[in-house]
file structure.csv (CSV, C-alpha atoms and all ligand atoms)
chain,number,residue,atom,x,y,z
A,28,MET,CA,77.8,76.8,105.8
A,29,PRO,CA,78.9,75.5,109.2
A,30,SER,CA,77.6,72.1,110.2
A,31,TYR,CA,78.2,72.2,113.9
A,32,ILE,CA,77.5,75.8,114.7
A,33,PHE,CA,73.9,77.0,114.2
A,34,GLY,CA,72.0,80.2,114.6
A,35,PRO,CA,71.8,82.5,116.3
A,36,VAL,CA,68.3,81.1,117.0
A,37,PRO,CA,65.6,82.3,119.3
A,38,SER,CA,65.5,80.2,122.4
A,39,ARG,CA,62.6,80.4,124.8
A,40,ARG,CA,64.9,80.1,127.8
A,41,LEU,CA,68.1,81.8,126.6
A,42,GLY,CA,67.1,84.7,124.4
A,43,LEU,CA,69.3,84.8,121.3
A,44,SER,CA,71.5,81.7,121.3
A,45,LEU,CA,74.3,80.5,119.1
A,46,GLY,CA,74.2,76.8,119.2
A,47,ILE,CA,77.2,74.4,119.0
A,48,ASP,CA,76.3,70.9,118.3
A,49,LEU,CA,78.7,68.5,119.9
A,50,VAL,CA,77.3,65.1,118.8
A,51,PRO,CA,75.9,63.6,115.6
A,52,PHE,CA,72.1,63.6,115.2
A,53,LYS,CA,70.3,61.9,118.1
A,54,THR,CA,73.4,60.6,119.9
A,55,CYS,CA,71.8,60.5,123.4
A,56,THR,CA,71.6,58.6,126.6
A,57,LEU,CA,67.8,58.9,126.4
A,58,ASP,CA,65.0,58.3,124.0
A,59,CYS,CA,62.4,60.7,125.4
A,60,ILE,CA,58.9,60.2,123.9
A,61,TYR,CA,58.5,64.0,123.6
A,62,CYS,CA,61.9,64.5,121.8
A,63,GLU,CA,61.4,67.1,119.1
A,64,LEU,CA,64.1,65.5,117.1
A,65,GLY,CA,62.4,62.1,116.8
A,66,LYS,CA,63.5,58.7,118.0
A,67,THR,CA,67.0,57.8,119.3
A,68,ALA,CA,68.0,54.7,117.3
A,69,THR,CA,70.0,53.3,120.2
A,70,PRO,CA,70.6,55.2,123.4
A,71,VAL,CA,74.3,55.2,124.4
A,72,ASN,CA,76.3,56.1,127.5
A,73,LEU,CA,79.8,55.6,126.1
A,74,ARG,CA,81.7,58.9,126.0
A,75,ALA,CA,83.8,59.6,122.9
A,76,GLU,CA,84.9,62.3,120.6
A,77,TYR,CA,81.7,61.9,118.6
A,78,VAL,CA,82.5,65.2,116.7
A,79,PRO,CA,86.3,65.5,116.5
A,80,PHE,CA,87.7,68.5,118.3
A,81,ALA,CA,89.8,69.4,115.2
A,82,GLU,CA,86.6,69.9,113.2
A,83,LEU,CA,84.9,71.9,115.9
A,84,GLU,CA,88.0,74.1,116.3
A,85,ILE,CA,88.0,75.0,112.6
A,86,GLU,CA,84.3,76.1,112.6
A,87,ILE,CA,84.6,78.0,115.9
A,88,ARG,CA,87.7,79.9,114.7
A,89,GLU,CA,86.1,80.7,111.4
A,90,PHE,CA,82.8,81.8,112.9
A,91,PHE,CA,84.3,84.2,115.5
A,92,ASN,CA,86.9,85.6,113.0
A,93,ASN,CA,84.3,86.3,110.4
A,94,ASN,CA,81.3,87.3,112.4
A,95,PRO,CA,81.3,90.8,113.7
A,96,THR,CA,77.9,90.5,115.5
A,97,ALA,CA,79.0,87.5,117.5
A,98,GLU,CA,79.1,89.5,120.7
A,99,GLU,CA,75.4,90.5,120.3
A,100,ILE,CA,74.1,87.0,121.2
A,101,ASP,CA,72.9,86.3,124.7
A,102,PHE,CA,74.4,82.8,125.1
A,103,ILE,CA,76.7,80.4,123.3
A,104,THR,CA,74.8,77.2,123.9
A,105,LEU,CA,76.4,73.7,123.9
A,106,SER,CA,73.5,71.6,122.9
A,107,GLY,CA,72.1,70.5,119.6
A,108,SER,CA,71.0,67.1,118.3
A,109,GLY,CA,71.6,64.9,121.4
A,110,GLU,CA,73.5,64.9,124.7
A,111,PRO,CA,76.6,67.2,124.5
A,112,THR,CA,78.3,65.7,127.6
A,113,LEU,CA,78.8,62.5,125.7
A,114,ASN,CA,81.6,64.3,123.7
A,115,THR,CA,84.9,64.0,125.5
A,116,ALA,CA,86.1,67.1,123.6
A,117,LEU,CA,83.7,69.2,125.7
A,118,PRO,CA,86.3,70.8,128.0
A,119,ARG,CA,88.6,71.7,125.1
A,120,VAL,CA,85.6,73.3,123.3
A,121,ILE,CA,84.7,75.4,126.4
A,122,LYS,CA,88.4,76.6,126.7
A,123,LEU,CA,88.5,77.5,123.0
A,124,LEU,CA,85.2,79.5,123.2
A,125,ARG,CA,86.6,81.4,126.2
A,126,GLN,CA,89.5,82.5,124.0
A,127,PHE,CA,87.2,84.0,121.4
A,128,SER,CA,84.2,85.4,123.2
A,129,LYS,CA,83.1,87.0,126.4
A,130,THR,CA,79.5,85.8,125.8
A,131,PRO,CA,78.2,83.6,128.6
A,132,ILE,CA,78.3,79.9,127.8
A,133,ALA,CA,75.3,77.7,128.6
A,134,LEU,CA,75.1,73.9,128.6
A,135,LEU,CA,71.8,72.3,127.7
A,136,THR,CA,71.9,68.7,129.0
A,137,ASN,CA,69.7,65.9,130.1
A,138,GLY,CA,71.9,65.6,133.2
A,139,THR,CA,72.4,61.9,133.0
A,140,LEU,CA,76.2,61.9,133.1
A,141,PHE,CA,76.7,64.1,136.1
A,142,SER,CA,77.1,61.1,138.4
A,143,ARG,CA,80.6,60.8,136.8
A,144,PRO,CA,83.0,63.1,138.6
A,145,GLU,CA,85.1,63.7,135.4
A,146,VAL,CA,82.0,65.0,133.6
A,147,ARG,CA,81.2,67.4,136.5
A,148,ARG,CA,84.8,68.6,136.5
A,149,GLU,CA,84.7,69.2,132.7
A,150,VAL,CA,81.7,71.6,132.9
A,151,LEU,CA,82.9,73.8,135.8
A,152,ASP,CA,83.9,76.7,133.6
A,153,VAL,CA,80.5,77.3,131.9
A,154,ASP,CA,78.2,80.0,133.2
A,155,LEU,CA,74.9,78.2,133.2
A,156,ILE,CA,73.8,74.6,133.2
A,157,LEU,CA,70.3,73.7,132.2
A,158,PRO,CA,69.7,70.1,133.1
A,159,SER,CA,66.3,68.3,132.8
A,160,LEU,CA,64.6,66.0,135.2
A,161,ASP,CA,61.1,64.8,134.4
A,162,VAL,CA,60.6,61.9,136.7
A,163,VAL,CA,61.9,60.3,139.9
A,164,SER,CA,60.3,56.9,139.8
A,165,ASP,CA,62.2,54.4,137.6
A,166,LYS,CA,59.0,53.0,136.2
A,167,LEU,CA,58.0,56.4,134.7
A,168,PHE,CA,61.7,57.0,133.7
A,169,ALA,CA,61.4,53.9,131.5
A,170,THR,CA,58.1,55.1,130.1
A,171,LEU,CA,58.9,58.8,129.5
A,172,ASN,CA,62.7,59.0,129.0
A,173,ARG,CA,63.5,55.4,127.9
A,174,PRO,CA,67.1,55.5,129.1
A,175,VAL,CA,70.1,53.5,127.9
A,176,ASP,CA,70.3,50.1,129.7
A,177,GLY,CA,71.2,50.3,133.4
A,178,LEU,CA,70.7,54.0,133.9
A,179,LYS,CA,68.6,54.8,137.0
A,180,SER,CA,66.8,58.0,137.9
A,181,ARG,CA,68.5,58.1,141.3
A,182,GLU,CA,71.9,58.3,139.7
A,183,ILE,CA,70.8,61.5,137.9
A,184,ILE,CA,69.5,63.1,141.0
A,185,ASP,CA,72.6,62.2,143.0
A,186,GLY,CA,74.7,63.6,140.1
A,187,LEU,CA,72.8,66.9,140.1
A,188,VAL,CA,73.2,67.2,143.9
A,189,ALA,CA,77.0,66.7,143.5
A,190,LEU,CA,77.1,69.2,140.6
A,191,ARG,CA,75.3,71.8,142.7
A,192,ARG,CA,78.0,71.3,145.4
A,193,GLU,CA,80.9,71.7,143.0
A,194,PHE,CA,79.7,74.1,140.4
A,195,SER,CA,79.6,77.8,141.3
A,196,GLY,CA,77.6,79.0,138.2
A,197,LYS,CA,73.9,79.0,137.8
A,198,ILE,CA,71.7,75.9,137.4
A,199,TRP,CA,68.2,76.1,135.9
A,200,LEU,CA,66.4,72.8,136.2
A,201,GLU,CA,63.7,72.0,133.7
A,202,ILE,CA,60.9,69.7,134.4
A,203,LEU,CA,58.7,68.7,131.4
A,204,PHE,CA,55.2,67.4,132.1
A,205,CYS,CA,53.4,64.9,129.8
A,206,ALA,CA,49.7,64.5,130.5
A,207,GLY,CA,48.9,61.0,131.8
A,208,ILE,CA,52.5,60.1,132.7
A,209,ASN,CA,54.4,62.3,135.2
A,210,ASP,CA,51.4,64.5,136.3
A,211,THR,CA,50.1,62.3,139.1
A,212,PRO,CA,50.0,63.7,142.7
A,213,GLU,CA,52.6,61.1,143.8
A,214,GLU,CA,55.1,61.8,141.1
A,215,ILE,CA,54.7,65.6,141.5
A,216,GLU,CA,55.5,65.3,145.2
A,217,ARG,CA,58.6,63.2,144.4
A,218,LEU,CA,59.7,65.8,141.9
A,219,ILE,CA,59.2,68.6,144.4
A,220,GLN,CA,61.3,66.7,146.9
A,221,ALA,CA,64.0,66.0,144.4
A,222,ALA,CA,64.2,69.6,143.2
A,223,ALA,CA,64.5,70.7,146.8
A,224,THR,CA,67.5,68.4,147.3
A,225,ILE,CA,69.2,69.6,144.1
A,226,GLN,CA,68.8,73.3,145.0
A,227,PRO,CA,68.9,74.8,141.5
A,228,ASP,CA,68.8,78.6,141.0
A,229,ARG,CA,65.7,78.3,139.0
A,230,ILE,CA,63.1,75.7,138.3
A,231,GLN,CA,61.3,75.9,135.0
A,232,LEU,CA,58.2,73.9,134.1
A,233,ASN,CA,57.5,73.0,130.6
A,234,THR,CA,55.2,70.8,128.6
A,235,VAL,CA,55.1,69.4,125.0
A,236,VAL,CA,54.6,72.3,122.7
A,237,ARG,CA,55.0,70.6,119.4
A,238,PRO,CA,54.8,67.0,118.2
A,239,GLY,CA,57.4,64.7,119.9
A,240,ALA,CA,58.8,61.3,118.9
A,241,LEU,CA,55.5,59.5,119.9
A,242,PRO,CA,51.9,60.6,119.9
A,243,GLU,CA,51.7,59.5,123.6
A,244,ALA,CA,53.6,62.7,124.5
A,245,LYS,CA,50.6,64.9,125.4
A,246,THR,CA,50.5,68.4,126.6
A,247,VAL,CA,49.3,69.5,130.1
A,248,THR,CA,47.3,72.7,130.5
A,249,GLU,CA,48.7,76.0,131.5
A,250,THR,CA,46.4,76.0,134.5
A,251,PHE,CA,47.9,72.7,135.7
A,252,LEU,CA,51.5,74.2,135.4
A,253,LYS,CA,50.4,77.4,137.1
A,254,GLN,CA,49.0,75.7,140.2
A,255,LEU,CA,52.3,73.8,140.6
A,256,LEU,CA,54.6,76.9,140.6
A,257,PRO,CA,54.4,77.9,144.3
A,258,ARG,CA,54.9,74.3,145.5
A,259,PHE,CA,58.5,74.2,144.3
A,260,ASN,CA,61.4,75.7,146.2
A,261,PRO,CA,62.5,78.1,144.8
A,262,ALA,CA,59.1,78.8,143.3
A,263,ALA,CA,59.0,77.6,139.7
A,264,GLU,CA,58.3,79.5,136.6
A,265,ILE,CA,56.7,78.5,133.3
A,266,ILE,CA,59.2,78.8,130.4
A,267,ALA,CA,58.1,82.0,128.8
A,268,PRO,CA,57.7,82.7,125.1
A,269,PHE,CA,60.7,84.2,123.4
A,270,ASN,CA,61.1,87.9,123.1
A,271,ASN,CA,62.7,89.0,119.9
A,272,HIS,CA,66.0,90.8,120.3
A,273,GLY,CA,66.9,93.9,118.2
A,274,ALA,CA,70.1,93.2,116.3
A,275,ASN,CA,69.4,89.8,115.1
A,276,ARG,CA,65.7,90.2,114.8
A,277,ALA,CA,66.1,90.8,111.1
A,278,VAL,CA,67.8,87.4,110.5
A,279,ILE,CA,65.1,85.6,112.5
A,280,GLU,CA,62.3,87.5,110.7
A,281,LYS,CA,63.7,86.6,107.4
A,282,THR,CA,63.9,82.8,108.2
A,283,LYS,CA,60.4,83.0,109.6
A,284,GLU,CA,59.1,84.6,106.4
A,285,THR,CA,60.9,82.0,104.3
A,286,ILE,CA,59.3,79.2,106.3
A,287,LEU,CA,55.9,80.8,106.2
A,288,ALA,CA,56.2,81.3,102.4
A,289,THR,CA,57.1,77.6,102.0
A,290,LEU,CA,54.2,76.5,104.2
A,291,LYS,CA,51.8,78.7,102.2
A,292,ARG,CA,52.6,76.6,99.1
A,293,ARG,CA,52.2,73.2,100.9
A,294,PRO,CA,52.2,71.6,104.3
A,295,CYS,CA,55.7,70.4,105.3
A,296,THR,CA,57.4,68.2,107.9
A,297,VAL,CA,60.5,69.5,109.7
A,298,ASN,CA,62.7,67.5,107.4
A,299,ASP,CA,60.9,68.9,104.3
A,300,LEU,CA,61.7,72.4,105.5
A,301,LYS,CA,65.3,71.5,106.5
A,302,ASN,CA,66.0,70.1,103.0
A,303,ALA,CA,64.2,72.7,101.1
A,304,LEU,CA,65.7,75.7,102.9
A,305,GLY,CA,69.2,74.3,103.7
A,306,LEU,CA,68.8,75.0,107.4
A,307,LYS,CA,69.8,72.9,110.4
A,308,LYS,CA,66.9,70.8,111.9
A,309,VAL,CA,67.3,72.6,115.2
A,310,GLU,CA,67.0,76.0,113.5
A,311,VAL,CA,63.8,74.9,111.7
A,312,ILE,CA,62.4,73.6,115.0
A,313,LYS,CA,63.1,76.8,116.9
A,314,ILE,CA,61.3,79.0,114.3
A,315,LEU,CA,58.4,76.6,114.1
A,316,ASP,CA,58.1,76.9,117.9
A,317,LEU,CA,57.9,80.6,117.5
A,318,LEU,CA,55.2,80.4,114.9
A,319,LEU,CA,53.2,77.8,116.9
A,320,GLU,CA,53.4,80.1,120.0
A,321,LYS,CA,52.0,83.0,117.9
A,322,ASP,CA,49.3,80.8,116.4
A,323,GLU,CA,50.5,81.4,112.9
A,324,ILE,CA,50.8,77.7,112.1
A,325,LYS,CA,49.3,74.4,113.3
A,326,THR,CA,50.4,70.8,113.1
A,327,GLN,CA,48.5,68.0,111.6
A,328,GLU,CA,49.3,64.3,111.5
A,329,HIS,CA,49.2,62.1,108.4
A,330,GLY,CA,50.2,58.5,109.1
A,331,ASP,CA,53.3,58.7,111.2
A,332,LYS,CA,54.3,62.1,110.0
A,333,HIS,CA,53.7,65.5,111.5
A,334,TYR,CA,53.0,68.3,109.0
A,335,PHE,CA,53.0,72.0,109.6
A,336,GLN,CA,50.5,74.2,107.9
A,337,ILE,CA,49.7,77.9,108.0
A,338,LEU,CA,46.6,78.5,110.1
A,339,ASP,CA,44.6,79.8,107.1
A,340,ASP,CA,44.8,76.4,105.5
A,341,PHE,CA,43.0,74.9,108.5
A,342,ASN,CA,40.2,77.4,108.3
A,343,ASN,CA,39.5,76.8,104.7
B,1,LIG,S1,67.5,64.0,126.2
B,1,LIG,FE1,67.0,65.6,124.8
B,1,LIG,S2,67.9,64.9,122.8
B,1,LIG,FE2,67.9,63.2,124.2
B,1,LIG,S3,66.0,62.1,123.7
B,1,LIG,FE3,65.5,63.4,125.4
B,1,LIG,S4,64.8,65.3,124.5
B,1,LIG,FE4,65.8,64.2,122.8
call {"tool": "encode", "arguments": {"input": "structure.csv", "output": "structure tokens", "more": "lines below"}}
Ligand code: SF4
result
Amino acid sequence: MPSYIFGPVPSRRLGLSLGIDLVPFKTCTLDCIYCELGKTATPVNLRAEYVPFAELEIEIREFFNNNPTAEEIDFITLSGSGEPTLNTALPRVIKLLRQFSKTPIALLTNGTLFSRPEVRREVLDVDLILPSLDVVSDKLFATLNRPVDGLKSREIIDGLVALRREFSGKIWLEILFCAGINDTPEEIERLIQAAATIQPDRIQLNTVVRPGALPEAKTVTETFLKQLLPRFNPAAEIIAPFNNHGANRAVIEKTKETILATLKRRPCTVNDLKNALGLKKVEVIKILDLLLEKDEIKTQEHGDKHYFQILDDFNN
């Protein structure tokens, strides 16, 4: 089983996405309180070949040589368990993927390293960049995204403005709102201004849909998000629930059924499911998202752990 390639998995923003994980678990410049993967032990900003290119190359070659349905996916997504631009092998990976596949390449990033010209240069050949920007004020940046020492929110915004100038592909900016943190009128106004300066092709609003690293990460209502949409330029959209796609629907359905069958026996954490079913954590999370959206499961806290249960268990 490949360890750096995962999926294809359903993605709320990208349809059916084949993920490529470029960094070891939670290697990130941030430690967002809503992070679905849990806490970042120590945020870093040093770039390195965290996953060696040679290992990635073996898996990529193997995957595309052996996978006849590889062209049916909507996006190859550079993402995974942390910040992919931290890996200096990024441009070589993009070049290799282009040799094997015509599928569009997306980069899911927290955008923190685009203030560096070399990082902007390295991503010019992808089709779509999905950066996130949740706050403008540094005080809230420290509360919500808990960055590596010295990183300022202004740097990220300036980096994204420069990226927009230099990158001819699409940019979809995500803003995630946490109740009681970045949902004040002042911060919203600052975000609207920042987004207008960045000029992304799309602005996508989001909120916490499943338990994050800390219980302080609280969801905002759909009504709140809806009334913000027209205030952004271009008008924002709420990230829509995933629509299943034909060809790989069977694979997703099968994983969903296995997870539901496991949860029927007992409530599980993400790690329980990952270990029991031999899946990648990211894959488990994506399917759980799908089940949460469809109200087939619920979460419950016990101590510092988040458990997932099928809805029936809650009604009994
Ligand atoms: S940037 Fe992404 S991976 Fe990093 S801590 Fe935030 S949510 Fe998690």
call {"tool": "residues_around", "arguments": {"input": "structure.csv", "residues": "range 159-176 of chain A", "least_positions_apart": "2", "cutoff": "6 Å", "atoms": "all atoms listed in the file", "output": "list in words"}}
result
Thr56, Leu57, Asp58, Cys59, Ile60, Pro70, Val71, Asn137, Leu178, Ser180, Leu200, Glu201, Ile202 and Leu203 of chain A
call {"tool": "residues_near_point", "arguments": {"input": "structure.csv", "point": "(52.2, 64.4, 141.0)", "cutoff": "12 Å", "atoms": "all atoms listed in the file", "output": "PyMOL selection string"}}
result
chain A and resi 161-164+167+204-220+251-252+254-255+258
call {"tool": "closest_residue", "arguments": {"input": "structure.csv", "among": "A:Asn93, A:Thr234, A:Ser38, A:Thr250", "to": "ligand LIG 1 (chain B)", "atoms": "all atoms listed in the file"}}
result
A:Thr234
call {"tool": "atom_distance", "arguments": {"input": "structure.csv", "atom1": "CA of Ala288 in chain A", "atom2": "CA of Tyr334 in chain A"}}
result
14.9 Å
call {"tool": "atom_distance", "arguments": {"input": "structure.csv", "atom1": "CA of Lys245 in chain A", "atom2": "atom S3 of ligand LIG 1 (chain B)"}}
result
15.7 Å
call {"tool": "atom_distance", "arguments": {"input": "structure.csv", "atom1": "CA of Lys313 in chain A", "atom2": "CA of Pro51 in chain A"}}
result
18.4 Å
call {"tool": "closest_residue", "arguments": {"input": "structure.csv", "among": "A:Ile337, A:Ile286, A:Ala75, A:Ala244", "to": "ligand LIG 1 (chain B)", "atoms": "all atoms listed in the file"}}
result
A:Ala244
call {"tool": "closest_residue", "arguments": {"input": "structure.csv", "among": "A:Lys308, A:Lys325, A:Lys53, A:Arg293", "to": "ligand LIG 1 (chain B)", "atoms": "only C-alpha atoms and all ligand atoms"}}
result
A:Lys53
call {"tool": "closest_residue", "arguments": {"input": "structure.csv", "among": "A:Ile156, A:Val146, A:Ile32, A:Val235", "to": "ligand LIG 1 (chain B)", "atoms": "all atoms listed in the file"}}
result
A:Val235
call {"tool": "closest_residue", "arguments": {"input": "structure.csv", "among": "A:Ala221, A:Cys62, A:Ile47, A:Ile312", "to": "ligand LIG 1 (chain B)", "atoms": "only C-alpha atoms and all ligand atoms"}}
result
A:Cys62
call {"tool": "residues_around", "arguments": {"input": "structure.csv", "residues": "Lys283 in chain A", "least_positions_apart": "5", "cutoff": "10 Å", "atoms": "only C-alpha atoms", "output": "PyMOL selection string"}}
result
chain A and resi 277-278+288-289+311+313-315+317-318
